[in-house]
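What follows is a set of notes on a single structure, which appears directly below.
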Amino acid sequence: MSSTSSTDGSGRKGRGGLARLGPLPWIGPAVLLIVLVVLWPVYEMVRTSFLKISSSGFVRGSAGFDKYTQLFEEPALPSVVLSTVVWTLVVVTATMVISLALAQLFNQKFPGRRLTRWALIAPWAASVVMTAIGFKWMLNQTAGVLNTLMTDLGIVDGPKDWLGDPSTAWPWMMFVAVFVSLPFTTYTLLAGLQTIPAEVYEAARVDGTNTWQTYLRITLPLLRPAFLVGVVINLINVFNSFPIIWSMTRGGPDSDTATTTVFMYQLKNSDIGQSAAMSVVNFALVVVMVVVFLKASRWNQEEN
């Protein structure tokens with residue numbers, strides 16, 4: 001009798017001990033993955049920025065804040081930061097506006113809708129590097145298809161070195177960045193549109209609101225969560241975009257077509273510690289940018 005009671009008591013104690021862990025056994029693997037994939041690299045990045053490292057990779061001791069001082073004394077840094085801000089704002093804004101229009105279109109019923117939806121996936125399914133290199137070849141001054149086509153159509157007087165001049169390289173790289181960003185953003189907004197109940201639109205029609213009023217007062221407010229997701233993901237991706245710029249111009253000439261991410265990679269060839277310092281600054285800029293946007297957009301507040 002006492003043995004049974006003891007067993008029951010230990011069983012309850014064992015279950016109670018497991019219960020005290022709460023959801024930790026379930027989220028533990030995910031937390032461990034985050035630590036290994038995100039937090040550990042960030043720690044190593046910050047640690048490296050305070051070290052003197054030779055070009056062959058040997059640590060020569062502590063550098064203190066010298067790498068940050070050298071970084072902020074780089075003549076190209078202000079223009080690179082400005083270019084990064086313009087690059088991010090233009091690409092994200094264009095992506096969101098075009099994606100909003102495409103999502104609205106694909107939410108309607110029309111012949112061939114399924115085919116066009118599948119076609120939109122192509123830029124997303126293809127490698128970003130492959131897409132960037134493809135456009136680089138098409139813009140080639142001597143044998144590029146786009147160069148030849150624009151010359152034949154009289155759009156330009158003759159073949160141009162589009163990617164050799166920053167004034168023309170930036171617009172083309174922005175075009176490619178928007179092109180590869182559209183599928184994800186469009187489908188994110190399309191998913192948001194499809195969660196809006198049809199009864200809401202029916203009630204709006206009964207109230208006599210026109211199409212534009214319905215879109216502004218109903219569609220956009222209810223689409224806000226999906227829109228915020230699209231903006232935040234695009235802010236992070238575009239700000240940190242490396243493959244497009246590196247594949248098309250390698251940030252040159254000099255650093256005239258470089259963003260902070262590309263500039264960080266350029267610094268790697270001369271000073272690994274300084275490159276790590278640029279990585280830390282870049283990471284901080286991304287965090288600040290996202291936090292400011294979420295604060296300004298009041299993402300966690302319900303619409304009245």
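Chains: A, B, ... in order of the structure tokens. Residues: from 1 per chain. Ligands: from 1, in order shown.
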
Strand (DSSP E) residues, from DSSP on the backbone, in segment 57-171 of chain A, as a PyMOL selection string
chain A and resi 59-62

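DSSP annotation of segment 36-77 of chain A from backbone atoms: helix (DSSP H, G or I) residues are Leu36, Val37, Val38, Leu39, Trp40, Pro41, Val42, Tyr43, Glu44, Met45, Val46, Arg47, Thr48, Asp66, Lys67, Tyr68, Thr69, Gln70, Leu71, Phe72 and Leu77 of chain A.
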
Prev. selection, N, CA, C and O atoms, output as a PDB file, in the first residue's frame:
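Contents of the output file again.pdb:
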```pdb
ATOM      1  N   LEU A  36      23.362  28.946 -32.530  1.00  0.00           N
ATOM      2  CA  LEU A  36      24.456  28.500 -33.385  1.00  0.00           C
ATOM      3  C   LEU A  36      24.527  29.273 -34.693  1.00  0.00           C
ATOM      4  O   LEU A  36      25.608  29.583 -35.191  1.00  0.00           O
ATOM      5  N   VAL A  37      23.361  29.595 -35.269  1.00  0.00           N
ATOM      6  CA  VAL A  37      23.323  30.199 -36.600  1.00  0.00           C
ATOM      7  C   VAL A  37      23.359  31.726 -36.547  1.00  0.00           C
ATOM      8  O   VAL A  37      23.889  32.370 -37.465  1.00  0.00           O
ATOM      9  N   VAL A  38      22.825  32.329 -35.485  1.00  0.00           N
ATOM     10  CA  VAL A  38      22.721  33.795 -35.417  1.00  0.00           C
ATOM     11  C   VAL A  38      23.636  34.383 -34.342  1.00  0.00           C
ATOM     12  O   VAL A  38      24.524  35.198 -34.645  1.00  0.00           O
ATOM     13  N   LEU A  39      23.453  33.976 -33.105  1.00  0.00           N
ATOM     14  CA  LEU A  39      24.152  34.632 -32.007  1.00  0.00           C
ATOM     15  C   LEU A  39      25.655  34.356 -32.005  1.00  0.00           C
ATOM     16  O   LEU A  39      26.456  35.262 -31.757  1.00  0.00           O
ATOM     17  N   TRP A  40      26.050  33.130 -32.284  1.00  0.00           N
ATOM     18  CA  TRP A  40      27.471  32.818 -32.293  1.00  0.00           C
ATOM     19  C   TRP A  40      28.213  33.581 -33.391  1.00  0.00           C
ATOM     20  O   TRP A  40      29.273  34.161 -33.119  1.00  0.00           O
ATOM     21  N   PRO A  41      27.708  33.603 -34.645  1.00  0.00           N
ATOM     22  CA  PRO A  41      28.384  34.419 -35.671  1.00  0.00           C
ATOM     23  C   PRO A  41      28.452  35.898 -35.312  1.00  0.00           C
ATOM     24  O   PRO A  41      29.451  36.562 -35.611  1.00  0.00           O
ATOM     25  N   VAL A  42      27.392  36.422 -34.681  1.00  0.00           N
ATOM     26  CA  VAL A  42      27.409  37.834 -34.272  1.00  0.00           C
ATOM     27  C   VAL A  42      28.494  38.060 -33.231  1.00  0.00           C
ATOM     28  O   VAL A  42      29.251  39.050 -33.293  1.00  0.00           O
ATOM     29  N   TYR A  43      28.612  37.141 -32.283  1.00  0.00           N
ATOM     30  CA  TYR A  43      29.660  37.244 -31.260  1.00  0.00           C
ATOM     31  C   TYR A  43      31.045  37.224 -31.907  1.00  0.00           C
ATOM     32  O   TYR A  43      31.916  38.042 -31.581  1.00  0.00           O
ATOM     33  N   GLU A  44      31.252  36.289 -32.839  1.00  0.00           N
ATOM     34  CA  GLU A  44      32.550  36.182 -33.510  1.00  0.00           C
ATOM     35  C   GLU A  44      32.837  37.430 -34.352  1.00  0.00           C
ATOM     36  O   GLU A  44      33.983  37.888 -34.432  1.00  0.00           O
ATOM     37  N   MET A  45      31.806  37.971 -34.979  1.00  0.00           N
ATOM     38  CA  MET A  45      31.959  39.178 -35.783  1.00  0.00           C
ATOM     39  C   MET A  45      32.415  40.356 -34.913  1.00  0.00           C
ATOM     40  O   MET A  45      33.359  41.076 -35.270  1.00  0.00           O
ATOM     41  N   VAL A  46      31.763  40.530 -33.761  1.00  0.00           N
ATOM     42  CA  VAL A  46      32.131  41.630 -32.859  1.00  0.00           C
ATOM     43  C   VAL A  46      33.534  41.406 -32.300  1.00  0.00           C
ATOM     44  O   VAL A  46      34.351  42.333 -32.248  1.00  0.00           O
ATOM     45  N   ARG A  47      33.833  40.180 -31.907  1.00  0.00           N
ATOM     46  CA  ARG A  47      35.164  39.878 -31.352  1.00  0.00           C
ATOM     47  C   ARG A  47      36.268  40.147 -32.378  1.00  0.00           C
ATOM     48  O   ARG A  47      37.312  40.721 -32.049  1.00  0.00           O
ATOM     49  N   THR A  48      36.032  39.750 -33.624  1.00  0.00           N
ATOM     50  CA  THR A  48      37.034  39.933 -34.674  1.00  0.00           C
ATOM     51  C   THR A  48      37.310  41.407 -34.937  1.00  0.00           C
ATOM     52  O   THR A  48      38.428  41.790 -35.288  1.00  0.00           O
ATOM     53  N   ASP A  66      40.746  50.633 -32.713  1.00  0.00           N
ATOM     54  CA  ASP A  66      41.480  51.155 -33.862  1.00  0.00           C
ATOM     55  C   ASP A  66      40.786  50.858 -35.190  1.00  0.00           C
ATOM     56  O   ASP A  66      40.778  51.700 -36.104  1.00  0.00           O
ATOM     57  N   LYS A  67      40.200  49.657 -35.314  1.00  0.00           N
ATOM     58  CA  LYS A  67      39.561  49.282 -36.578  1.00  0.00           C
ATOM     59  C   LYS A  67      38.334  50.147 -36.861  1.00  0.00           C
ATOM     60  O   LYS A  67      38.057  50.484 -38.015  1.00  0.00           O
ATOM     61  N   TYR A  68      37.619  50.513 -35.805  1.00  0.00           N
ATOM     62  CA  TYR A  68      36.462  51.392 -35.978  1.00  0.00           C
ATOM     63  C   TYR A  68      36.920  52.806 -36.335  1.00  0.00           C
ATOM     64  O   TYR A  68      36.300  53.473 -37.170  1.00  0.00           O
ATOM     65  N   THR A  69      38.012  53.241 -35.717  1.00  0.00           N
ATOM     66  CA  THR A  69      38.556  54.568 -36.048  1.00  0.00           C
ATOM     67  C   THR A  69      38.987  54.626 -37.500  1.00  0.00           C
ATOM     68  O   THR A  69      38.680  55.579 -38.229  1.00  0.00           O
ATOM     69  N   GLN A  70      39.689  53.584 -37.951  1.00  0.00           N
ATOM     70  CA  GLN A  70      40.124  53.526 -39.351  1.00  0.00           C
ATOM     71  C   GLN A  70      38.931  53.475 -40.301  1.00  0.00           C
ATOM     72  O   GLN A  70      38.945  54.097 -41.362  1.00  0.00           O
ATOM     73  N   LEU A  71      37.898  52.719 -39.894  1.00  0.00           N
ATOM     74  CA  LEU A  71      36.706  52.598 -40.742  1.00  0.00           C
ATOM     75  C   LEU A  71      36.037  53.946 -40.951  1.00  0.00           C
ATOM     76  O   LEU A  71      35.715  54.332 -42.084  1.00  0.00           O
ATOM     77  N   PHE A  72      35.833  54.699 -39.860  1.00  0.00           N
ATOM     78  CA  PHE A  72      35.137  55.981 -39.963  1.00  0.00           C
ATOM     79  C   PHE A  72      35.996  57.062 -40.616  1.00  0.00           C
ATOM     80  O   PHE A  72      35.485  58.128 -40.964  1.00  0.00           O
ATOM     81  N   LEU A  77      33.402  56.014 -47.150  1.00  0.00           N
ATOM     82  CA  LEU A  77      32.304  55.561 -46.294  1.00  0.00           C
ATOM     83  C   LEU A  77      31.045  56.428 -46.381  1.00  0.00           C
ATOM     84  O   LEU A  77      29.939  55.891 -46.511  1.00  0.00           O
TER      85      LEU A  77
END
```

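Using only C-alpha atoms for every distance, the candidate list A:Ser49, A:Ala94, A:Ile121, A:Leu89 yields A:Leu89 as the residue closest to Met289 of chain A.
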
Interatomic distance, atom CA of Ile272 of chain A to atom CA of Thr249 of chain A (Å, one decimal):
21.9 Å

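Nearest to Val86 of chain A of all the residues A:Val178, A:Thr259, A:Val31, A:Gln213 is A:Thr259, based on only C-alpha atoms.
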
Set out as a tab-separated table a contact list for segment 234-303 of chain A and segment 161-172 of chain A with a cut-off of 10 Å, giving each residue of segment 234-303 of chain A that qualifies its closest atom pair and distance in Å to one decimal, counting only C-alpha atoms, ordered by chain and rising residue number.
```
residue	atom	partner	partner_atom	distance
A:Ile245	CA	A:Trp170	CA	9.0
A:Met248	CA	A:Leu163	CA	7.1
A:Thr249	CA	A:Leu163	CA	6.4
A:Gly251	CA	A:Pro166	CA	9.4
A:Gly252	CA	A:Gly164	CA	7.9
A:Pro253	CA	A:Gly164	CA	7.2
A:Ser255	CA	A:Pro166	CA	9.7
A:Asp256	CA	A:Pro166	CA	6.3
A:Thr257	CA	A:Pro166	CA	5.9
A:Ala258	CA	A:Trp170	CA	9.6
```

Take the residues that were just selected and, keeping N, CA and C atoms, output them as a PDB file, in the first residue's frame.
```pdb
ATOM      1  N   ILE A 245      24.693  43.282 -56.683  1.00  0.00           N
ATOM      2  CA  ILE A 245      25.713  44.311 -56.909  1.00  0.00           C
ATOM      3  C   ILE A 245      27.066  43.679 -57.215  1.00  0.00           C
ATOM      4  N   MET A 248      27.139  42.141 -60.755  1.00  0.00           N
ATOM      5  CA  MET A 248      27.008  43.057 -61.888  1.00  0.00           C
ATOM      6  C   MET A 248      28.147  44.071 -61.981  1.00  0.00           C
ATOM      7  N   THR A 249      28.621  44.606 -60.855  1.00  0.00           N
ATOM      8  CA  THR A 249      29.655  45.649 -60.911  1.00  0.00           C
ATOM      9  C   THR A 249      30.807  45.429 -59.943  1.00  0.00           C
ATOM     10  N   GLY A 251      30.845  46.423 -57.129  1.00  0.00           N
ATOM     11  CA  GLY A 251      30.925  47.658 -56.355  1.00  0.00           C
ATOM     12  C   GLY A 251      31.754  48.747 -56.998  1.00  0.00           C
ATOM     13  N   GLY A 252      32.309  48.486 -58.180  1.00  0.00           N
ATOM     14  CA  GLY A 252      33.193  49.453 -58.829  1.00  0.00           C
ATOM     15  C   GLY A 252      32.466  50.357 -59.810  1.00  0.00           C
ATOM     16  N   PRO A 253      33.180  51.288 -60.405  1.00  0.00           N
ATOM     17  CA  PRO A 253      34.611  51.540 -60.181  1.00  0.00           C
ATOM     18  C   PRO A 253      34.888  52.072 -58.774  1.00  0.00           C
ATOM     19  N   SER A 255      34.487  52.282 -55.215  1.00  0.00           N
ATOM     20  CA  SER A 255      33.314  51.886 -54.413  1.00  0.00           C
ATOM     21  C   SER A 255      32.099  52.706 -54.819  1.00  0.00           C
ATOM     22  N   ASP A 256      32.080  53.147 -56.072  1.00  0.00           N
ATOM     23  CA  ASP A 256      31.020  54.042 -56.536  1.00  0.00           C
ATOM     24  C   ASP A 256      29.664  53.355 -56.665  1.00  0.00           C
ATOM     25  N   THR A 257      29.642  52.036 -56.801  1.00  0.00           N
ATOM     26  CA  THR A 257      28.362  51.315 -56.865  1.00  0.00           C
ATOM     27  C   THR A 257      28.268  50.296 -55.730  1.00  0.00           C
ATOM     28  N   ALA A 258      28.898  50.604 -54.606  1.00  0.00           N
ATOM     29  CA  ALA A 258      28.904  49.690 -53.462  1.00  0.00           C
ATOM     30  C   ALA A 258      27.920  50.144 -52.394  1.00  0.00           C
TER      31      ALA A 258
END
```

All residues 9 Å or closer to Phe135 of chain A, only C-alpha atoms, same chain fewer than 2 positions away omitted, as a PyMOL selection string:
chain A and resi 130-133+137-140+144+146+172+176+248

Serialized selection, all heavy atoms, as an mmCIF file, in the first residue's frame:
```
data_model
loop_
_atom_site.group_PDB
_atom_site.id
_atom_site.type_symbol
_atom_site.label_atom_id
_atom_site.label_comp_id
_atom_site.auth_asym_id
_atom_site.auth_seq_id
_atom_site.Cartn_x
_atom_site.Cartn_y
_atom_site.Cartn_z
ATOM 1 N N MET A 130 22.420 34.025 -60.631
ATOM 2 C CA MET A 130 22.208 33.687 -62.035
ATOM 3 C C MET A 130 21.431 34.793 -62.748
ATOM 4 O O MET A 130 21.753 35.167 -63.883
ATOM 5 C CB MET A 130 21.440 32.365 -62.145
ATOM 6 C CG MET A 130 21.231 31.878 -63.568
ATOM 7 S SD MET A 130 20.278 30.364 -63.622
ATOM 8 C CE MET A 130 18.636 30.960 -63.181
ATOM 9 N N THR A 131 20.410 35.343 -62.084
ATOM 10 C CA THR A 131 19.629 36.428 -62.672
ATOM 11 C C THR A 131 20.493 37.665 -62.895
ATOM 12 O O THR A 131 20.437 38.295 -63.956
ATOM 13 C CB THR A 131 18.438 36.783 -61.761
ATOM 14 O OG1 THR A 131 17.637 35.618 -61.543
ATOM 15 C CG2 THR A 131 17.576 37.867 -62.393
ATOM 16 N N ALA A 132 21.302 38.014 -61.889
ATOM 17 C CA ALA A 132 22.166 39.194 -62.003
ATOM 18 C C ALA A 132 23.191 39.026 -63.122
ATOM 19 O O ALA A 132 23.427 39.952 -63.913
ATOM 20 C CB ALA A 132 22.870 39.453 -60.673
ATOM 21 N N ILE A 133 23.797 37.844 -63.205
ATOM 22 C CA ILE A 133 24.779 37.591 -64.261
ATOM 23 C C ILE A 133 24.111 37.607 -65.631
ATOM 24 O O ILE A 133 24.669 38.109 -66.611
ATOM 25 C CB ILE A 133 25.500 36.252 -64.024
ATOM 26 C CG1 ILE A 133 26.385 36.355 -62.769
ATOM 27 C CG2 ILE A 133 26.350 35.852 -65.229
ATOM 28 C CD1 ILE A 133 27.051 35.060 -62.375
ATOM 29 N N TRP A 137 25.196 40.048 -68.711
ATOM 30 C CA TRP A 137 25.515 39.630 -70.080
ATOM 31 C C TRP A 137 24.643 40.354 -71.099
ATOM 32 O O TRP A 137 25.102 40.744 -72.163
ATOM 33 C CB TRP A 137 25.351 38.122 -70.220
ATOM 34 C CG TRP A 137 26.432 37.332 -69.538
ATOM 35 C CD1 TRP A 137 27.627 37.810 -69.076
ATOM 36 C CD2 TRP A 137 26.398 35.939 -69.234
ATOM 37 N NE1 TRP A 137 28.358 36.803 -68.499
ATOM 38 C CE2 TRP A 137 27.644 35.635 -68.583
ATOM 39 C CE3 TRP A 137 25.484 34.924 -69.420
ATOM 40 C CZ2 TRP A 137 27.960 34.359 -68.145
ATOM 41 C CZ3 TRP A 137 25.802 33.643 -68.993
ATOM 42 C CH2 TRP A 137 27.023 33.369 -68.362
ATOM 43 N N MET A 138 23.353 40.527 -70.753
ATOM 44 C CA MET A 138 22.448 41.192 -71.694
ATOM 45 C C MET A 138 22.797 42.664 -71.884
ATOM 46 O O MET A 138 22.481 43.260 -72.906
ATOM 47 C CB MET A 138 20.999 41.053 -71.217
ATOM 48 C CG MET A 138 20.437 39.647 -71.381
ATOM 49 S SD MET A 138 18.666 39.543 -71.058
ATOM 50 C CE MET A 138 18.624 39.728 -69.282
ATOM 51 N N LEU A 139 23.469 43.245 -70.870
ATOM 52 C CA LEU A 139 23.855 44.655 -70.938
ATOM 53 C C LEU A 139 25.285 44.851 -71.438
ATOM 54 O O LEU A 139 25.770 45.983 -71.493
ATOM 55 C CB LEU A 139 23.712 45.309 -69.559
ATOM 56 C CG LEU A 139 22.278 45.456 -69.037
ATOM 57 C CD1 LEU A 139 22.279 45.825 -67.560
ATOM 58 C CD2 LEU A 139 21.508 46.481 -69.847
ATOM 59 N N ASN A 140 25.929 43.753 -71.804
ATOM 60 C CA ASN A 140 27.303 43.837 -72.292
ATOM 61 C C ASN A 140 27.419 44.808 -73.466
ATOM 62 O O ASN A 140 26.569 44.812 -74.362
ATOM 63 C CB ASN A 140 27.795 42.451 -72.711
ATOM 64 C CG ASN A 140 29.242 42.451 -73.133
ATOM 65 O OD1 ASN A 140 29.553 42.652 -74.300
ATOM 66 N ND2 ASN A 140 30.131 42.237 -72.186
ATOM 67 N N GLY A 144 25.788 42.347 -75.843
ATOM 68 C CA GLY A 144 24.585 42.236 -75.033
ATOM 69 C C GLY A 144 23.304 42.341 -75.836
ATOM 70 O O GLY A 144 23.173 43.198 -76.716
ATOM 71 N N LEU A 146 20.259 43.226 -74.790
ATOM 72 C CA LEU A 146 19.533 44.463 -74.503
ATOM 73 C C LEU A 146 20.202 45.668 -75.164
ATOM 74 O O LEU A 146 19.520 46.563 -75.673
ATOM 75 C CB LEU A 146 19.440 44.675 -72.997
ATOM 76 C CG LEU A 146 18.428 43.818 -72.241
ATOM 77 C CD1 LEU A 146 18.533 44.062 -70.739
ATOM 78 C CD2 LEU A 146 17.018 44.105 -72.718
ATOM 79 N N TRP A 172 19.962 50.178 -63.294
ATOM 80 C CA TRP A 172 19.836 48.796 -63.765
ATOM 81 C C TRP A 172 19.890 47.808 -62.595
ATOM 82 O O TRP A 172 19.129 46.833 -62.561
ATOM 83 C CB TRP A 172 20.925 48.478 -64.789
ATOM 84 C CG TRP A 172 20.574 48.899 -66.182
ATOM 85 C CD1 TRP A 172 21.144 49.901 -66.909
ATOM 86 C CD2 TRP A 172 19.549 48.335 -67.011
ATOM 87 N NE1 TRP A 172 20.536 49.998 -68.146
ATOM 88 C CE2 TRP A 172 19.556 49.045 -68.237
ATOM 89 C CE3 TRP A 172 18.626 47.311 -66.844
ATOM 90 C CZ2 TRP A 172 18.683 48.761 -69.277
ATOM 91 C CZ3 TRP A 172 17.744 47.014 -67.888
ATOM 92 C CH2 TRP A 172 17.775 47.737 -69.077
ATOM 93 N N VAL A 176 16.910 45.134 -61.359
ATOM 94 C CA VAL A 176 17.099 43.700 -61.094
ATOM 95 C C VAL A 176 16.670 43.368 -59.671
ATOM 96 O O VAL A 176 16.028 42.338 -59.430
ATOM 97 C CB VAL A 176 18.563 43.295 -61.335
ATOM 98 C CG1 VAL A 176 18.783 41.827 -60.950
ATOM 99 C CG2 VAL A 176 18.952 43.506 -62.792
ATOM 100 N N MET A 248 27.139 42.141 -60.755
ATOM 101 C CA MET A 248 27.008 43.057 -61.888
ATOM 102 C C MET A 248 28.147 44.071 -61.981
ATOM 103 O O MET A 248 28.600 44.399 -63.085
ATOM 104 C CB MET A 248 25.658 43.777 -61.819
ATOM 105 C CG MET A 248 24.467 42.837 -61.954
ATOM 106 S SD MET A 248 22.853 43.662 -61.941
ATOM 107 C CE MET A 248 22.834 44.420 -63.574
#
```

Quick one: everything within 8 Å of segment 182-193 of chain A, counting only C-alpha atoms, minus sequence neighbours fewer than 4 positions away in the same chain. Send it as a PyMOL selection string.
chain A and resi 95-96+98-100+102-104+106-107+120-121+123-124+178+219+222-223+225-227+229-230+234

Mind writing the picked residues with N, CA and C atoms as a compact mmCIF listing (two decimals), in the first residue's frame?
```
# COMPACT_ATOMS: atom_id res chain seq x y z
N THR A 95 9.24 48.04 -55.06
CA THR A 95 8.77 46.66 -54.90
C THR A 95 7.40 46.61 -54.26
N MET A 96 7.18 47.39 -53.21
CA MET A 96 5.89 47.35 -52.52
C MET A 96 4.77 47.90 -53.39
N ILE A 98 4.59 48.11 -56.80
CA ILE A 98 4.31 47.19 -57.92
C ILE A 98 3.68 45.90 -57.41
N SER A 99 4.17 45.39 -56.30
CA SER A 99 3.61 44.15 -55.74
C SER A 99 2.16 44.34 -55.30
N LEU A 100 1.86 45.52 -54.77
CA LEU A 100 0.49 45.81 -54.36
C LEU A 100 -0.44 45.77 -55.56
N LEU A 102 0.15 44.16 -58.46
CA LEU A 102 0.10 42.78 -58.97
C LEU A 102 -0.78 41.89 -58.09
N ALA A 103 -0.68 42.06 -56.77
CA ALA A 103 -1.50 41.26 -55.87
C ALA A 103 -2.98 41.55 -56.09
N GLN A 104 -3.30 42.82 -56.29
CA GLN A 104 -4.69 43.19 -56.56
C GLN A 104 -5.17 42.57 -57.88
N PHE A 106 -3.92 39.78 -59.38
CA PHE A 106 -4.01 38.32 -59.26
C PHE A 106 -5.13 37.88 -58.32
N ASN A 107 -5.68 38.82 -57.57
CA ASN A 107 -6.81 38.48 -56.70
C ASN A 107 -8.13 38.50 -57.46
N LEU A 120 4.99 34.30 -62.38
CA LEU A 120 5.57 35.26 -61.45
C LEU A 120 6.59 34.60 -60.52
N ILE A 121 6.47 33.29 -60.33
CA ILE A 121 7.38 32.58 -59.43
C ILE A 121 8.78 32.48 -60.02
N PRO A 123 11.18 34.45 -61.33
CA PRO A 123 12.32 35.22 -60.81
C PRO A 123 12.71 34.82 -59.39
N TRP A 124 11.76 34.35 -58.62
CA TRP A 124 12.04 33.93 -57.25
C TRP A 124 12.69 32.55 -57.22
N VAL A 178 14.41 44.88 -57.81
CA VAL A 178 12.94 44.88 -57.77
C VAL A 178 12.40 43.63 -58.46
N THR A 219 -9.70 47.69 -47.77
CA THR A 219 -8.63 46.80 -48.24
C THR A 219 -7.28 47.13 -47.59
N LEU A 222 -7.04 46.40 -43.71
CA LEU A 222 -7.04 44.97 -43.42
C LEU A 222 -5.80 44.27 -43.99
N LEU A 223 -5.17 44.90 -44.97
CA LEU A 223 -3.96 44.34 -45.57
C LEU A 223 -2.70 44.76 -44.80
N PRO A 225 -1.23 44.06 -41.85
CA PRO A 225 -0.26 43.07 -41.32
C PRO A 225 0.62 42.45 -42.40
N ALA A 226 0.00 42.05 -43.52
CA ALA A 226 0.78 41.47 -44.61
C ALA A 226 1.71 42.50 -45.23
N PHE A 227 1.26 43.73 -45.32
CA PHE A 227 2.08 44.80 -45.89
C PHE A 227 3.31 45.05 -45.02
N VAL A 229 4.78 42.92 -43.01
CA VAL A 229 5.69 41.78 -43.18
C VAL A 229 6.52 41.95 -44.44
N GLY A 230 5.85 42.33 -45.54
CA GLY A 230 6.56 42.54 -46.79
C GLY A 230 7.60 43.63 -46.70
N ASN A 234 11.68 42.96 -46.90
CA ASN A 234 12.37 43.62 -48.00
C ASN A 234 13.44 44.60 -47.49
```

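Counting only C-alpha atoms and comparing A:Asp254, A:Arg298, A:Val262, A:Leu105, the residue that lies closest to Pro75 of chain A is A:Asp254.
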
Find the residue from A:Tyr265, A:Ile244, A:Ile236, A:Gly61 that sits nearest to Val287 of chain A; use only C-alpha atoms when measuring.
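The answer is A:Ile236, which sits nearest to Val287 of chain A.
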
Residue nearest Pro243 of chain A among A:Pro78, A:Thr261, A:Val280, A:Ala296 (counting only C-alpha atoms):
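Checking each candidate against Pro243 of chain A, we get A:Thr261 as the closest.
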
Compare A:Gly57, A:Gly22, A:Pro221, A:Gly134 by their minimum atom-to-atom distance to Asp271 of chain A, counting only C-alpha atoms, and give me the closest one.
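Smallest distance to Asp271 of chain A is found for A:Gly57.
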